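Colleague: Dropping a structure here in structure tokens format, bear with me for questions.
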Amino acid sequence: MSPTLRSTLLAALTAATALAVPCLPAHAAAGTDPWVRAWGENAQGQLGNGSVLAQQTPAAVTGIARDDVRELSGGGGGAGTAANGFAVALLKDGTVKSWGSNTTGQLGNGTTTAQSFPATVVGLSGVSEVSAGLNHVLAVKGGRVLAWGNNAAKQLGTGQDTTSPYKAPIPVQSLDKVKDVGAGCDFSVALRQDGTVWTWGKGDNGRLGTGSNTTRETPQKVPDLTDVESVAVGCEYVLALTADGIVKAWGKGAEGQLGNDSTTDSNKPVDVAYLDAVARIFATSASGFAVLDDGSLAGWGKNTDRQLGDGTNANRTTPVVLDTLKGVQSISGGVDFTVAALDDGSVIGWGANGAAQLGDGTTTTPTGTTVALPPGSGITQVAATMTGKSAFAY
């Protein structure tokens with residue numbers, strides 16, 4: 001083969017390879033390391049990397065390998081003096097680590113001092129589920145629920161007629177045989193093994209689903225709701241997936257987050273319209289998502305920052321099928337963005353990006369999706385601060 005022909009073939013091969021391989025951020029290869037990763041806002045140390053500096057690309061959470069994590073949940077958010085971003089991680093050994101803001105004891109460490117790195121919640125073991133809300137945390141241990149943090153709306157469910165915060169875990173009154181929990185903005189949800197749902201805390205917008213807007217200091221059963229397999233809790237609303245694949249919703253509906261072709265609140269469960277054969281549900285701050293049995297994704301609710309990924313910025317009061325998003329394993333989102341882990345190990349995001357909450361190395365808001373971590377990164381789950389602009393992948 002002549003040198004000229006060899007050079008021509010090499011140039012052609014290089015060009016073809018460049019077309020076949022998508023352009024990924026320079027940081028993307030970092031996703032192959034073993035650590036939980038986080039990005040976005042970090043003023044309260046909620047990224048857990050020992051600093052309070054914002055992070056435009058996924059950075060390691062100090063000392064937590066993703067293979068050791070069963071579940072990670074982001075809480076808080078906000079901006080300015082109201083900012084309170086934090087996170088909790090349930091490890092596979094049943095212990096819990098926490099980090100970030102701690103203004104109301106939501107780190108469970110007996111203090112109100114923030115910390116920018118993960119530390120174990122002392123004395124807590126045997127935990128099977130955990131969930132962080134706006135400023136409190138719920139955990140399941142032996143079928144019982146423990147809670148800590150802010151209690152201004154009696155969201156800790158202690159039954160002690162107090163609104164004082166608790167800086168260490170305290171039992172929620174009465175409940176047993178609980179298999180999952182969800183913490184929202186000033187209220188709490190528990191799913192029992194018998195398929196019933198129980199709620200307590202702030203009752204505004206009907207978020208307790210009990211037929212009234214009354215705040216409750218102890219768990220109350222959501223009436224006429226049975227055979228629930230999973231729950232997903234947003235800031236001020238709840239989604240519940242029943243055994244027959246139907247999605248129920250209740251609470252605030254102003255942005256369409258109940259998915260029932262309305263912008264009206266509901267203090268009782270209503271059907272999310274036009275959905276059946278649902279496999280999994282996810283709730284972000286004010287948007288709902290469902291993965292259907294055929295692998296497709298549907299979204300509804302708040303969309304003013306394009307956080308539904310449907311190509312518009314219009315709120316959706318009923319589910320819209322997102323044909324371009326396939327292989328979704330996990331979805332989470334904060335006040336104005338959404339991130340998803342796909343079945344190829346990649347993490348993508350859409351929505352606002354002014355605080356680098358999409359993790360693509362920029363603060364430019366895209367019109368479509370961006371890549372935070374590439375295929376093969378080993379990531380299977382994502383999380384985000386409840387009302388903030390910080391994200392996690394593990």
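Chains: A, B, ... in order of the structure tokens. Residues: from 1 per chain. Ligands: from 1, in order shown.
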Gly206 in chain A: which residues within 12 Å, counting only C-alpha atoms, same-chain residues fewer than 3 positions away excluded, as JSON, numbers by chain?
Modeller: {"A": [187, 199, 200, 201, 202, 203, 209, 210, 211, 212, 213, 214, 215, 216, 222, 236, 237, 238, 249, 250, 251, 252, 253, 258, 264, 265, 266, 267, 268, 269, 270]}
Colleague: Write out, as a tab-separated table, each residue of range 225-320 of chain A that has an atom at most 9 Å from range 333-345 of chain A, together with the closest pair of atoms and their distance in Å to one decimal, counting only C-alpha atoms, rows going by chain and rising number.
Modeller:
residue	atom	partner	partner_atom	distance
A:Ala283	CA	A:Gly333	CA	8.0
A:Thr284	CA	A:Gly333	CA	4.8
A:Ser285	CA	A:Gly334	CA	5.4
A:Ala286	CA	A:Val335	CA	7.4
A:Ser287	CA	A:Gly333	CA	8.4
A:Lys302	CA	A:Asp336	CA	8.6
A:Asn303	CA	A:Asp336	CA	8.0
A:Thr304	CA	A:Asp336	CA	7.8
A:Asp305	CA	A:Asp336	CA	5.7
A:Arg306	CA	A:Phe337	CA	7.6
A:Gln307	CA	A:Phe337	CA	4.9
A:Leu308	CA	A:Thr338	CA	7.4
A:Gly309	CA	A:Thr338	CA	8.3
Colleague: Go ahead and save the residues from that selection, with C-alpha atoms, as a JSON list (two decimals), in the first residue's frame.
Modeller:
[["chain", "number", "residue", "atom", "x", "y", "z"],
["A", 283, "ALA", "CA", -41.89, 12.79, 41.76],
["A", 284, "THR", "CA", -39.67, 15.84, 41.47],
["A", 285, "SER", "CA", -40.40, 19.11, 43.24],
["A", 286, "ALA", "CA", -43.54, 19.81, 41.18],
["A", 287, "SER", "CA", -43.41, 17.42, 38.21],
["A", 302, "LYS", "CA", -44.55, 22.03, 36.19],
["A", 303, "ASN", "CA", -42.60, 22.78, 33.03],
["A", 304, "THR", "CA", -41.79, 26.49, 33.09],
["A", 305, "ASP", "CA", -38.07, 25.70, 32.82],
["A", 306, "ARG", "CA", -38.49, 22.79, 30.38],
["A", 307, "GLN", "CA", -38.03, 20.31, 33.19],
["A", 308, "LEU", "CA", -40.48, 17.84, 31.60],
["A", 309, "GLY", "CA", -38.28, 17.42, 28.55]]
Colleague: Using only C-alpha atoms, find the one residue out of A:Lys154, A:Asp33, A:Ser128, A:Tyr166 that sits nearest to Val178 in chain A.
Modeller: A:Ser128
Colleague: From the options A:Ser332, A:Asn313, A:Thr162, A:Thr242, which residue's atoms come nearest to Met386 in chain A, counting only C-alpha atoms?
Modeller: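 Once distances to Met386 in chain A are computed over only C-alpha atoms, the minimum belongs to A:Ser332.
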Colleague: List as a list in words the protein and nucleic acid residues near Ala114 in chain A, meaning an atom at most 7 Å away when only C-alpha atoms are counted, but skip any in the same chain fewer than 4 places from it.
Modeller: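 Neighbouring residues, sequence-local ones excluded: Gln44, Gly100, Ser101 and Asn102 of chain A.
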Colleague: Go through A:Glu41, A:Gly78, A:Asp68, A:Leu91 and flag the residue nearest Gln55 in chain A, using only C-alpha atoms for the distances.
Modeller: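 Among A:Glu41, A:Gly78, A:Asp68, A:Leu91, it is A:Glu41 that comes nearest to Gln55 in chain A.
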Colleague: Choose the residue, out of A:Ala384, A:Ile348, A:Ala277, A:Leu90, that has the smallest atom-to-atom separation from Lys326 in chain A; count only C-alpha atoms.
Modeller: A:Ile348
Colleague: Could you pull out the helix (DSSP H, G or I) residues of range 23-121 of chain A from DSSP and send them as a count of residues only?
Modeller: 13
Colleague: From the set A:Leu134, A:Thr57, A:Leu239, A:Leu47, which residue has the shortest atom-to-atom contact distance to Thr370 in chain A, counting only C-alpha atoms?
Modeller: A:Thr57
Colleague: Going by DSSP on the backbone, which residues of range 89-251 of chain A come out as strand (DSSP E)? List them as an mmCIF file with N, CA, C and O atoms, in the first residue's frame.
Modeller:
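Contents of out14.cif, freshly written:
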data_model
loop_
_atom_site.group_PDB
_atom_site.id
_atom_site.type_symbol
_atom_site.label_atom_id
_atom_site.label_comp_id
_atom_site.auth_asym_id
_atom_site.auth_seq_id
_atom_site.Cartn_x
_atom_site.Cartn_y
_atom_site.Cartn_z
ATOM 1 N N ALA A 89 -27.594 9.476 53.066
ATOM 2 C CA ALA A 89 -27.317 8.251 52.319
ATOM 3 C C ALA A 89 -27.482 7.054 53.235
ATOM 4 O O ALA A 89 -26.878 6.994 54.314
ATOM 5 N N LEU A 90 -28.322 6.119 52.807
ATOM 6 C CA LEU A 90 -28.483 4.853 53.508
ATOM 7 C C LEU A 90 -27.510 3.843 52.903
ATOM 8 O O LEU A 90 -27.563 3.564 51.703
ATOM 9 N N LEU A 91 -26.611 3.325 53.727
ATOM 10 C CA LEU A 91 -25.655 2.333 53.246
ATOM 11 C C LEU A 91 -26.231 0.929 53.352
ATOM 12 O O LEU A 91 -27.193 0.683 54.086
ATOM 13 N N VAL A 96 -26.639 5.186 58.335
ATOM 14 C CA VAL A 96 -26.998 6.372 57.555
ATOM 15 C C VAL A 96 -25.932 7.444 57.734
ATOM 16 O O VAL A 96 -25.474 7.695 58.850
ATOM 17 N N LYS A 97 -25.545 8.067 56.640
ATOM 18 C CA LYS A 97 -24.649 9.225 56.671
ATOM 19 C C LYS A 97 -25.420 10.454 56.198
ATOM 20 O O LYS A 97 -26.345 10.345 55.389
ATOM 21 N N SER A 98 -25.026 11.632 56.709
ATOM 22 C CA SER A 98 -25.708 12.867 56.335
ATOM 23 C C SER A 98 -24.703 13.989 56.187
ATOM 24 O O SER A 98 -23.610 13.955 56.747
ATOM 25 N N TRP A 99 -25.099 15.040 55.414
ATOM 26 C CA TRP A 99 -24.215 16.178 55.211
ATOM 27 C C TRP A 99 -25.013 17.358 54.640
ATOM 28 O O TRP A 99 -26.109 17.200 54.134
ATOM 29 N N GLY A 100 -24.437 18.566 54.775
ATOM 30 C CA GLY A 100 -25.082 19.762 54.263
ATOM 31 C C GLY A 100 -25.645 20.633 55.363
ATOM 32 O O GLY A 100 -25.139 20.663 56.492
ATOM 33 N N GLN A 115 -22.329 20.590 57.979
ATOM 34 C CA GLN A 115 -21.071 19.899 57.689
ATOM 35 C C GLN A 115 -21.006 19.620 56.192
ATOM 36 O O GLN A 115 -21.997 19.228 55.575
ATOM 37 N N SER A 116 -19.835 19.843 55.615
ATOM 38 C CA SER A 116 -19.667 19.725 54.170
ATOM 39 C C SER A 116 -19.119 18.370 53.749
ATOM 40 O O SER A 116 -18.681 18.208 52.610
ATOM 41 N N PHE A 117 -19.160 17.408 54.645
ATOM 42 C CA PHE A 117 -18.702 16.054 54.325
ATOM 43 C C PHE A 117 -19.606 15.059 55.045
ATOM 44 O O PHE A 117 -20.166 15.359 56.102
ATOM 45 N N PRO A 118 -19.778 13.863 54.502
ATOM 46 C CA PRO A 118 -20.656 12.874 55.124
ATOM 47 C C PRO A 118 -20.138 12.399 56.472
ATOM 48 O O PRO A 118 -18.943 12.168 56.647
ATOM 49 N N ALA A 119 -21.046 12.259 57.425
ATOM 50 C CA ALA A 119 -20.722 11.681 58.734
ATOM 51 C C ALA A 119 -21.867 10.776 59.152
ATOM 52 O O ALA A 119 -23.044 11.040 58.841
ATOM 53 N N THR A 120 -21.533 9.731 59.860
ATOM 54 C CA THR A 120 -22.534 8.748 60.275
ATOM 55 C C THR A 120 -23.473 9.330 61.322
ATOM 56 O O THR A 120 -23.050 10.027 62.238
ATOM 57 N N VAL A 127 -31.370 0.241 59.348
ATOM 58 C CA VAL A 127 -32.323 1.023 58.549
ATOM 59 C C VAL A 127 -32.502 0.385 57.168
ATOM 60 O O VAL A 127 -31.541 -0.075 56.554
ATOM 61 N N SER A 128 -33.752 0.375 56.677
ATOM 62 C CA SER A 128 -34.036 -0.219 55.374
ATOM 63 C C SER A 128 -34.473 0.788 54.322
ATOM 64 O O SER A 128 -34.369 0.519 53.122
ATOM 65 N N GLU A 129 -34.974 1.960 54.740
ATOM 66 C CA GLU A 129 -35.384 3.007 53.807
ATOM 67 C C GLU A 129 -35.105 4.368 54.441
ATOM 68 O O GLU A 129 -35.131 4.510 55.669
ATOM 69 N N VAL A 130 -34.898 5.382 53.587
ATOM 70 C CA VAL A 130 -34.661 6.731 54.090
ATOM 71 C C VAL A 130 -35.195 7.728 53.075
ATOM 72 O O VAL A 130 -35.203 7.466 51.868
ATOM 73 N N SER A 131 -35.656 8.890 53.558
ATOM 74 C CA SER A 131 -36.153 9.931 52.665
ATOM 75 C C SER A 131 -35.953 11.299 53.302
ATOM 76 O O SER A 131 -36.287 11.503 54.475
ATOM 77 N N ALA A 132 -35.397 12.235 52.538
ATOM 78 C CA ALA A 132 -35.186 13.608 53.002
ATOM 79 C C ALA A 132 -36.234 14.522 52.390
ATOM 80 O O ALA A 132 -36.511 14.444 51.186
ATOM 81 N N HIS A 136 -36.642 17.898 56.991
ATOM 82 C CA HIS A 136 -36.701 16.783 57.930
ATOM 83 C C HIS A 136 -36.406 15.483 57.186
ATOM 84 O O HIS A 136 -36.360 15.453 55.957
ATOM 85 N N VAL A 137 -36.184 14.407 57.959
ATOM 86 C CA VAL A 137 -35.813 13.118 57.384
ATOM 87 C C VAL A 137 -36.657 12.017 58.022
ATOM 88 O O VAL A 137 -36.959 12.059 59.223
ATOM 89 N N LEU A 138 -37.021 11.034 57.210
ATOM 90 C CA LEU A 138 -37.712 9.843 57.684
ATOM 91 C C LEU A 138 -36.844 8.625 57.398
ATOM 92 O O LEU A 138 -36.138 8.570 56.384
ATOM 93 N N ALA A 139 -36.907 7.632 58.285
ATOM 94 C CA ALA A 139 -36.184 6.375 58.090
ATOM 95 C C ALA A 139 -37.039 5.226 58.589
ATOM 96 O O ALA A 139 -37.825 5.380 59.536
ATOM 97 N N VAL A 140 -36.908 4.066 57.957
ATOM 98 C CA VAL A 140 -37.609 2.857 58.387
ATOM 99 C C VAL A 140 -36.609 1.905 59.021
ATOM 100 O O VAL A 140 -35.563 1.607 58.449
ATOM 101 N N LYS A 141 -36.935 1.446 60.219
ATOM 102 C CA LYS A 141 -36.115 0.469 60.927
ATOM 103 C C LYS A 141 -37.030 -0.582 61.533
ATOM 104 O O LYS A 141 -37.873 -0.273 62.373
ATOM 105 N N ARG A 144 -40.739 0.100 61.682
ATOM 106 C CA ARG A 144 -41.132 1.322 62.384
ATOM 107 C C ARG A 144 -40.500 2.522 61.692
ATOM 108 O O ARG A 144 -39.472 2.408 61.020
ATOM 109 N N VAL A 145 -41.108 3.703 61.889
ATOM 110 C CA VAL A 145 -40.594 4.918 61.275
ATOM 111 C C VAL A 145 -39.914 5.792 62.324
ATOM 112 O O VAL A 145 -40.465 6.023 63.408
ATOM 113 N N LEU A 146 -38.720 6.257 61.995
ATOM 114 C CA LEU A 146 -38.004 7.240 62.799
ATOM 115 C C LEU A 146 -37.967 8.550 62.024
ATOM 116 O O LEU A 146 -38.003 8.555 60.786
ATOM 117 N N ALA A 147 -37.891 9.664 62.744
ATOM 118 C CA ALA A 147 -37.874 10.961 62.090
ATOM 119 C C ALA A 147 -36.989 11.924 62.862
ATOM 120 O O ALA A 147 -36.802 11.780 64.072
ATOM 121 N N TRP A 148 -36.462 12.924 62.152
ATOM 122 C CA TRP A 148 -35.679 13.969 62.819
ATOM 123 C C TRP A 148 -35.659 15.221 61.943
ATOM 124 O O TRP A 148 -35.978 15.178 60.760
ATOM 125 N N GLY A 149 -35.306 16.352 62.578
ATOM 126 C CA GLY A 149 -35.250 17.621 61.872
ATOM 127 C C GLY A 149 -36.359 18.561 62.284
ATOM 128 O O GLY A 149 -36.846 18.516 63.424
ATOM 129 N N TYR A 166 -36.211 18.165 66.321
ATOM 130 C CA TYR A 166 -35.485 17.084 66.978
ATOM 131 C C TYR A 166 -34.181 16.874 66.234
ATOM 132 O O TYR A 166 -34.176 16.658 65.019
ATOM 133 N N LYS A 167 -33.087 16.941 66.959
ATOM 134 C CA LYS A 167 -31.763 16.869 66.346
ATOM 135 C C LYS A 167 -31.223 15.444 66.268
ATOM 136 O O LYS A 167 -30.104 15.235 65.803
ATOM 137 N N ALA A 168 -32.014 14.485 66.704
ATOM 138 C CA ALA A 168 -31.637 13.074 66.631
ATOM 139 C C ALA A 168 -32.908 12.281 66.346
ATOM 140 O O ALA A 168 -34.021 12.748 66.614
ATOM 141 N N PRO A 169 -32.786 11.072 65.808
ATOM 142 C CA PRO A 169 -33.971 10.292 65.448
ATOM 143 C C PRO A 169 -34.905 10.039 66.630
ATOM 144 O O PRO A 169 -34.455 9.734 67.739
ATOM 145 N N ILE A 170 -36.218 10.163 66.358
ATOM 146 C CA ILE A 170 -37.261 9.925 67.346
ATOM 147 C C ILE A 170 -38.356 9.093 66.681
ATOM 148 O O ILE A 170 -38.637 9.272 65.491
ATOM 149 N N PRO A 171 -38.982 8.157 67.391
ATOM 150 C CA PRO A 171 -40.011 7.316 66.756
ATOM 151 C C PRO A 171 -41.256 8.100 66.369
ATOM 152 O O PRO A 171 -41.720 8.983 67.103
ATOM 153 N N VAL A 178 -44.120 -0.897 58.182
ATOM 154 C CA VAL A 178 -43.923 0.077 57.105
ATOM 155 C C VAL A 178 -42.825 -0.416 56.182
ATOM 156 O O VAL A 178 -41.778 -0.871 56.641
ATOM 157 N N LYS A 179 -43.066 -0.312 54.870
ATOM 158 C CA LYS A 179 -42.035 -0.759 53.927
ATOM 159 C C LYS A 179 -41.362 0.397 53.186
ATOM 160 O O LYS A 179 -40.276 0.222 52.632
ATOM 161 N N ASP A 180 -41.981 1.579 53.169
ATOM 162 C CA ASP A 180 -41.338 2.709 52.512
ATOM 163 C C ASP A 180 -41.875 4.014 53.083
ATOM 164 O O ASP A 180 -42.965 4.043 53.662
ATOM 165 N N VAL A 181 -41.095 5.080 52.923
ATOM 166 C CA VAL A 181 -41.485 6.404 53.406
ATOM 167 C C VAL A 181 -41.124 7.452 52.364
ATOM 168 O O VAL A 181 -40.260 7.238 51.510
ATOM 169 N N GLY A 182 -41.801 8.597 52.447
ATOM 170 C CA GLY A 182 -41.482 9.732 51.595
ATOM 171 C C GLY A 182 -41.669 11.018 52.365
ATOM 172 O O GLY A 182 -42.723 11.235 52.968
ATOM 173 N N ALA A 183 -40.650 11.864 52.387
ATOM 174 C CA ALA A 183 -40.723 13.150 53.073
ATOM 175 C C ALA A 183 -40.904 14.255 52.044
ATOM 176 O O ALA A 183 -40.174 14.314 51.055
ATOM 177 N N PHE A 187 -44.379 17.697 55.356
ATOM 178 C CA PHE A 187 -45.296 16.598 55.635
ATOM 179 C C PHE A 187 -44.610 15.274 55.328
ATOM 180 O O PHE A 187 -43.530 15.244 54.736
ATOM 181 N N SER A 188 -45.256 14.186 55.763
ATOM 182 C CA SER A 188 -44.624 12.869 55.679
ATOM 183 C C SER A 188 -45.612 11.823 55.196
ATOM 184 O O SER A 188 -46.819 11.923 55.457
ATOM 185 N N VAL A 189 -45.087 10.796 54.531
ATOM 186 C CA VAL A 189 -45.902 9.724 53.963
ATOM 187 C C VAL A 189 -45.248 8.389 54.286
ATOM 188 O O VAL A 189 -44.029 8.250 54.218
ATOM 189 N N ALA A 190 -46.070 7.404 54.632
ATOM 190 C CA ALA A 190 -45.576 6.044 54.876
ATOM 191 C C ALA A 190 -46.445 5.048 54.133
ATOM 192 O O ALA A 190 -47.682 5.155 54.137
ATOM 193 N N LEU A 191 -45.813 4.084 53.494
ATOM 194 C CA LEU A 191 -46.503 2.978 52.825
ATOM 195 C C LEU A 191 -46.318 1.725 53.650
ATOM 196 O O LEU A 191 -45.186 1.289 53.882
ATOM 197 N N ARG A 192 -47.437 1.170 54.121
ATOM 198 C CA ARG A 192 -47.351 -0.049 54.922
ATOM 199 C C ARG A 192 -47.338 -1.285 54.032
ATOM 200 O O ARG A 192 -47.703 -1.242 52.852
ATOM 201 N N VAL A 197 -51.693 3.658 52.776
ATOM 202 C CA VAL A 197 -50.816 4.825 52.859
ATOM 203 C C VAL A 197 -51.250 5.687 54.036
ATOM 204 O O VAL A 197 -52.445 5.934 54.231
ATOM 205 N N TRP A 198 -50.278 6.158 54.793
ATOM 206 C CA TRP A 198 -50.526 6.971 55.982
ATOM 207 C C TRP A 198 -49.747 8.272 55.867
ATOM 208 O O TRP A 198 -48.615 8.282 55.371
ATOM 209 N N THR A 199 -50.354 9.373 56.306
ATOM 210 C CA THR A 199 -49.736 10.686 56.167
ATOM 211 C C THR A 199 -49.854 11.488 57.459
ATOM 212 O O THR A 199 -50.742 11.254 58.276
ATOM 213 N N TRP A 200 -48.967 12.477 57.617
ATOM 214 C CA TRP A 200 -49.019 13.374 58.767
ATOM 215 C C TRP A 200 -48.198 14.625 58.474
ATOM 216 O O TRP A 200 -47.417 14.669 57.536
ATOM 217 N N GLY A 201 -48.412 15.664 59.274
ATOM 218 C CA GLY A 201 -47.718 16.924 59.084
ATOM 219 C C GLY A 201 -48.634 17.981 58.496
ATOM 220 O O GLY A 201 -49.844 17.983 58.729
ATOM 221 N N ARG A 216 -51.855 17.382 60.752
ATOM 222 C CA ARG A 216 -51.972 16.241 61.669
ATOM 223 C C ARG A 216 -50.638 15.970 62.342
ATOM 224 O O ARG A 216 -49.602 15.927 61.659
ATOM 225 N N GLU A 217 -50.661 15.750 63.650
ATOM 226 C CA GLU A 217 -49.412 15.483 64.363
ATOM 227 C C GLU A 217 -49.129 14.000 64.510
ATOM 228 O O GLU A 217 -48.055 13.621 64.979
ATOM 229 N N THR A 218 -50.070 13.156 64.107
ATOM 230 C CA THR A 218 -49.867 11.703 64.115
ATOM 231 C C THR A 218 -50.353 11.124 62.795
ATOM 232 O O THR A 218 -51.180 11.723 62.108
ATOM 233 N N PRO A 219 -49.862 9.951 62.409
ATOM 234 C CA PRO A 219 -50.244 9.362 61.126
ATOM 235 C C PRO A 219 -51.735 9.073 61.021
ATOM 236 O O PRO A 219 -52.357 8.571 61.964
ATOM 237 N N GLN A 220 -52.285 9.399 59.857
ATOM 238 C CA GLN A 220 -53.676 9.109 59.530
ATOM 239 C C GLN A 220 -53.705 8.334 58.218
ATOM 240 O O GLN A 220 -52.957 8.636 57.283
ATOM 241 N N LYS A 221 -54.594 7.363 58.130
ATOM 242 C CA LYS A 221 -54.711 6.562 56.916
ATOM 243 C C LYS A 221 -55.408 7.359 55.812
ATOM 244 O O LYS A 221 -56.399 8.048 56.061
ATOM 245 N N VAL A 228 -51.583 -0.298 47.244
ATOM 246 C CA VAL A 228 -50.533 0.586 46.743
ATOM 247 C C VAL A 228 -49.194 -0.145 46.810
ATOM 248 O O VAL A 228 -48.830 -0.724 47.835
ATOM 249 N N GLU A 229 -48.451 -0.103 45.721
ATOM 250 C CA GLU A 229 -47.157 -0.773 45.651
ATOM 251 C C GLU A 229 -45.983 0.168 45.877
ATOM 252 O O GLU A 229 -44.938 -0.245 46.374
ATOM 253 N N SER A 230 -46.137 1.441 45.513
ATOM 254 C CA SER A 230 -45.063 2.398 45.725
ATOM 255 C C SER A 230 -45.635 3.804 45.806
ATOM 256 O O SER A 230 -46.723 4.080 45.296
ATOM 257 N N VAL A 231 -44.885 4.687 46.459
ATOM 258 C CA VAL A 231 -45.262 6.093 46.549
ATOM 259 C C VAL A 231 -44.078 6.955 46.119
ATOM 260 O O VAL A 231 -42.922 6.555 46.249
ATOM 261 N N ALA A 232 -44.396 8.130 45.592
ATOM 262 C CA ALA A 232 -43.380 9.123 45.230
ATOM 263 C C ALA A 232 -43.885 10.464 45.729
ATOM 264 O O ALA A 232 -45.015 10.852 45.426
ATOM 265 N N VAL A 233 -43.055 11.161 46.494
ATOM 266 C CA VAL A 233 -43.502 12.366 47.186
ATOM 267 C C VAL A 233 -42.761 13.584 46.657
ATOM 268 O O VAL A 233 -41.529 13.632 46.657
ATOM 269 N N TYR A 237 -47.212 17.460 46.989
ATOM 270 C CA TYR A 237 -48.162 16.501 46.421
ATOM 271 C C TYR A 237 -47.582 15.095 46.513
ATOM 272 O O TYR A 237 -46.393 14.915 46.796
ATOM 273 N N VAL A 238 -48.434 14.111 46.273
ATOM 274 C CA VAL A 238 -48.031 12.708 46.389
ATOM 275 C C VAL A 238 -48.541 11.925 45.188
ATOM 276 O O VAL A 238 -49.656 12.148 44.712
ATOM 277 N N LEU A 239 -47.741 10.992 44.703
ATOM 278 C CA LEU A 239 -48.155 10.006 43.710
ATOM 279 C C LEU A 239 -48.131 8.632 44.352
ATOM 280 O O LEU A 239 -47.244 8.329 45.151
ATOM 281 N N ALA A 240 -49.096 7.788 43.986
ATOM 282 C CA ALA A 240 -49.146 6.416 44.483
ATOM 283 C C ALA A 240 -49.458 5.480 43.325
ATOM 284 O O ALA A 240 -50.396 5.728 42.555
ATOM 285 N N LEU A 241 -48.662 4.423 43.188
ATOM 286 C CA LEU A 241 -48.857 3.426 42.136
ATOM 287 C C LEU A 241 -49.520 2.194 42.733
ATOM 288 O O LEU A 241 -49.002 1.604 43.682
ATOM 289 N N THR A 242 -50.674 1.821 42.188
ATOM 290 C CA THR A 242 -51.410 0.668 42.710
ATOM 291 C C THR A 242 -50.979 -0.613 41.999
ATOM 292 O O THR A 242 -50.312 -0.576 40.962
ATOM 293 N N VAL A 247 -52.063 5.123 38.579
ATOM 294 C CA VAL A 247 -51.388 6.135 39.389
ATOM 295 C C VAL A 247 -52.424 7.069 39.995
ATOM 296 O O VAL A 247 -53.256 7.642 39.292
ATOM 297 N N LYS A 248 -52.382 7.209 41.307
ATOM 298 C CA LYS A 248 -53.227 8.139 42.046
ATOM 299 C C LYS A 248 -52.385 9.336 42.468
ATOM 300 O O LYS A 248 -51.167 9.225 42.653
ATOM 301 N N ALA A 249 -53.032 10.485 42.648
ATOM 302 C CA ALA A 249 -52.316 11.687 43.065
ATOM 303 C C ALA A 249 -53.195 12.533 43.963
ATOM 304 O O ALA A 249 -54.427 12.495 43.859
ATOM 305 N N TRP A 250 -52.571 13.298 44.856
ATOM 306 C CA TRP A 250 -53.307 14.247 45.685
ATOM 307 C C TRP A 250 -52.377 15.350 46.154
ATOM 308 O O TRP A 250 -51.159 15.224 46.097
ATOM 309 N N GLY A 251 -52.975 16.453 46.611
ATOM 310 C CA GLY A 251 -52.201 17.592 47.086
ATOM 311 C C GLY A 251 -52.320 18.781 46.159
ATOM 312 O O GLY A 251 -53.362 19.001 45.532
#
Colleague: May I have the residues within 10 Å of Ala60 in chain A as a list of chain:residue names, using only C-alpha atoms and disregarding those fewer than 5 positions away in the same chain?
Modeller: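 Residues near the query, excluding close chain neighbours: A:Ala30, A:Gly31, A:Asp33, A:Pro34, A:Trp35, A:Val36, A:Arg37, A:Ala38, A:Trp39, A:Leu47, A:Gly48, A:Asn49, A:Ala65, A:Phe392, A:Ala393.
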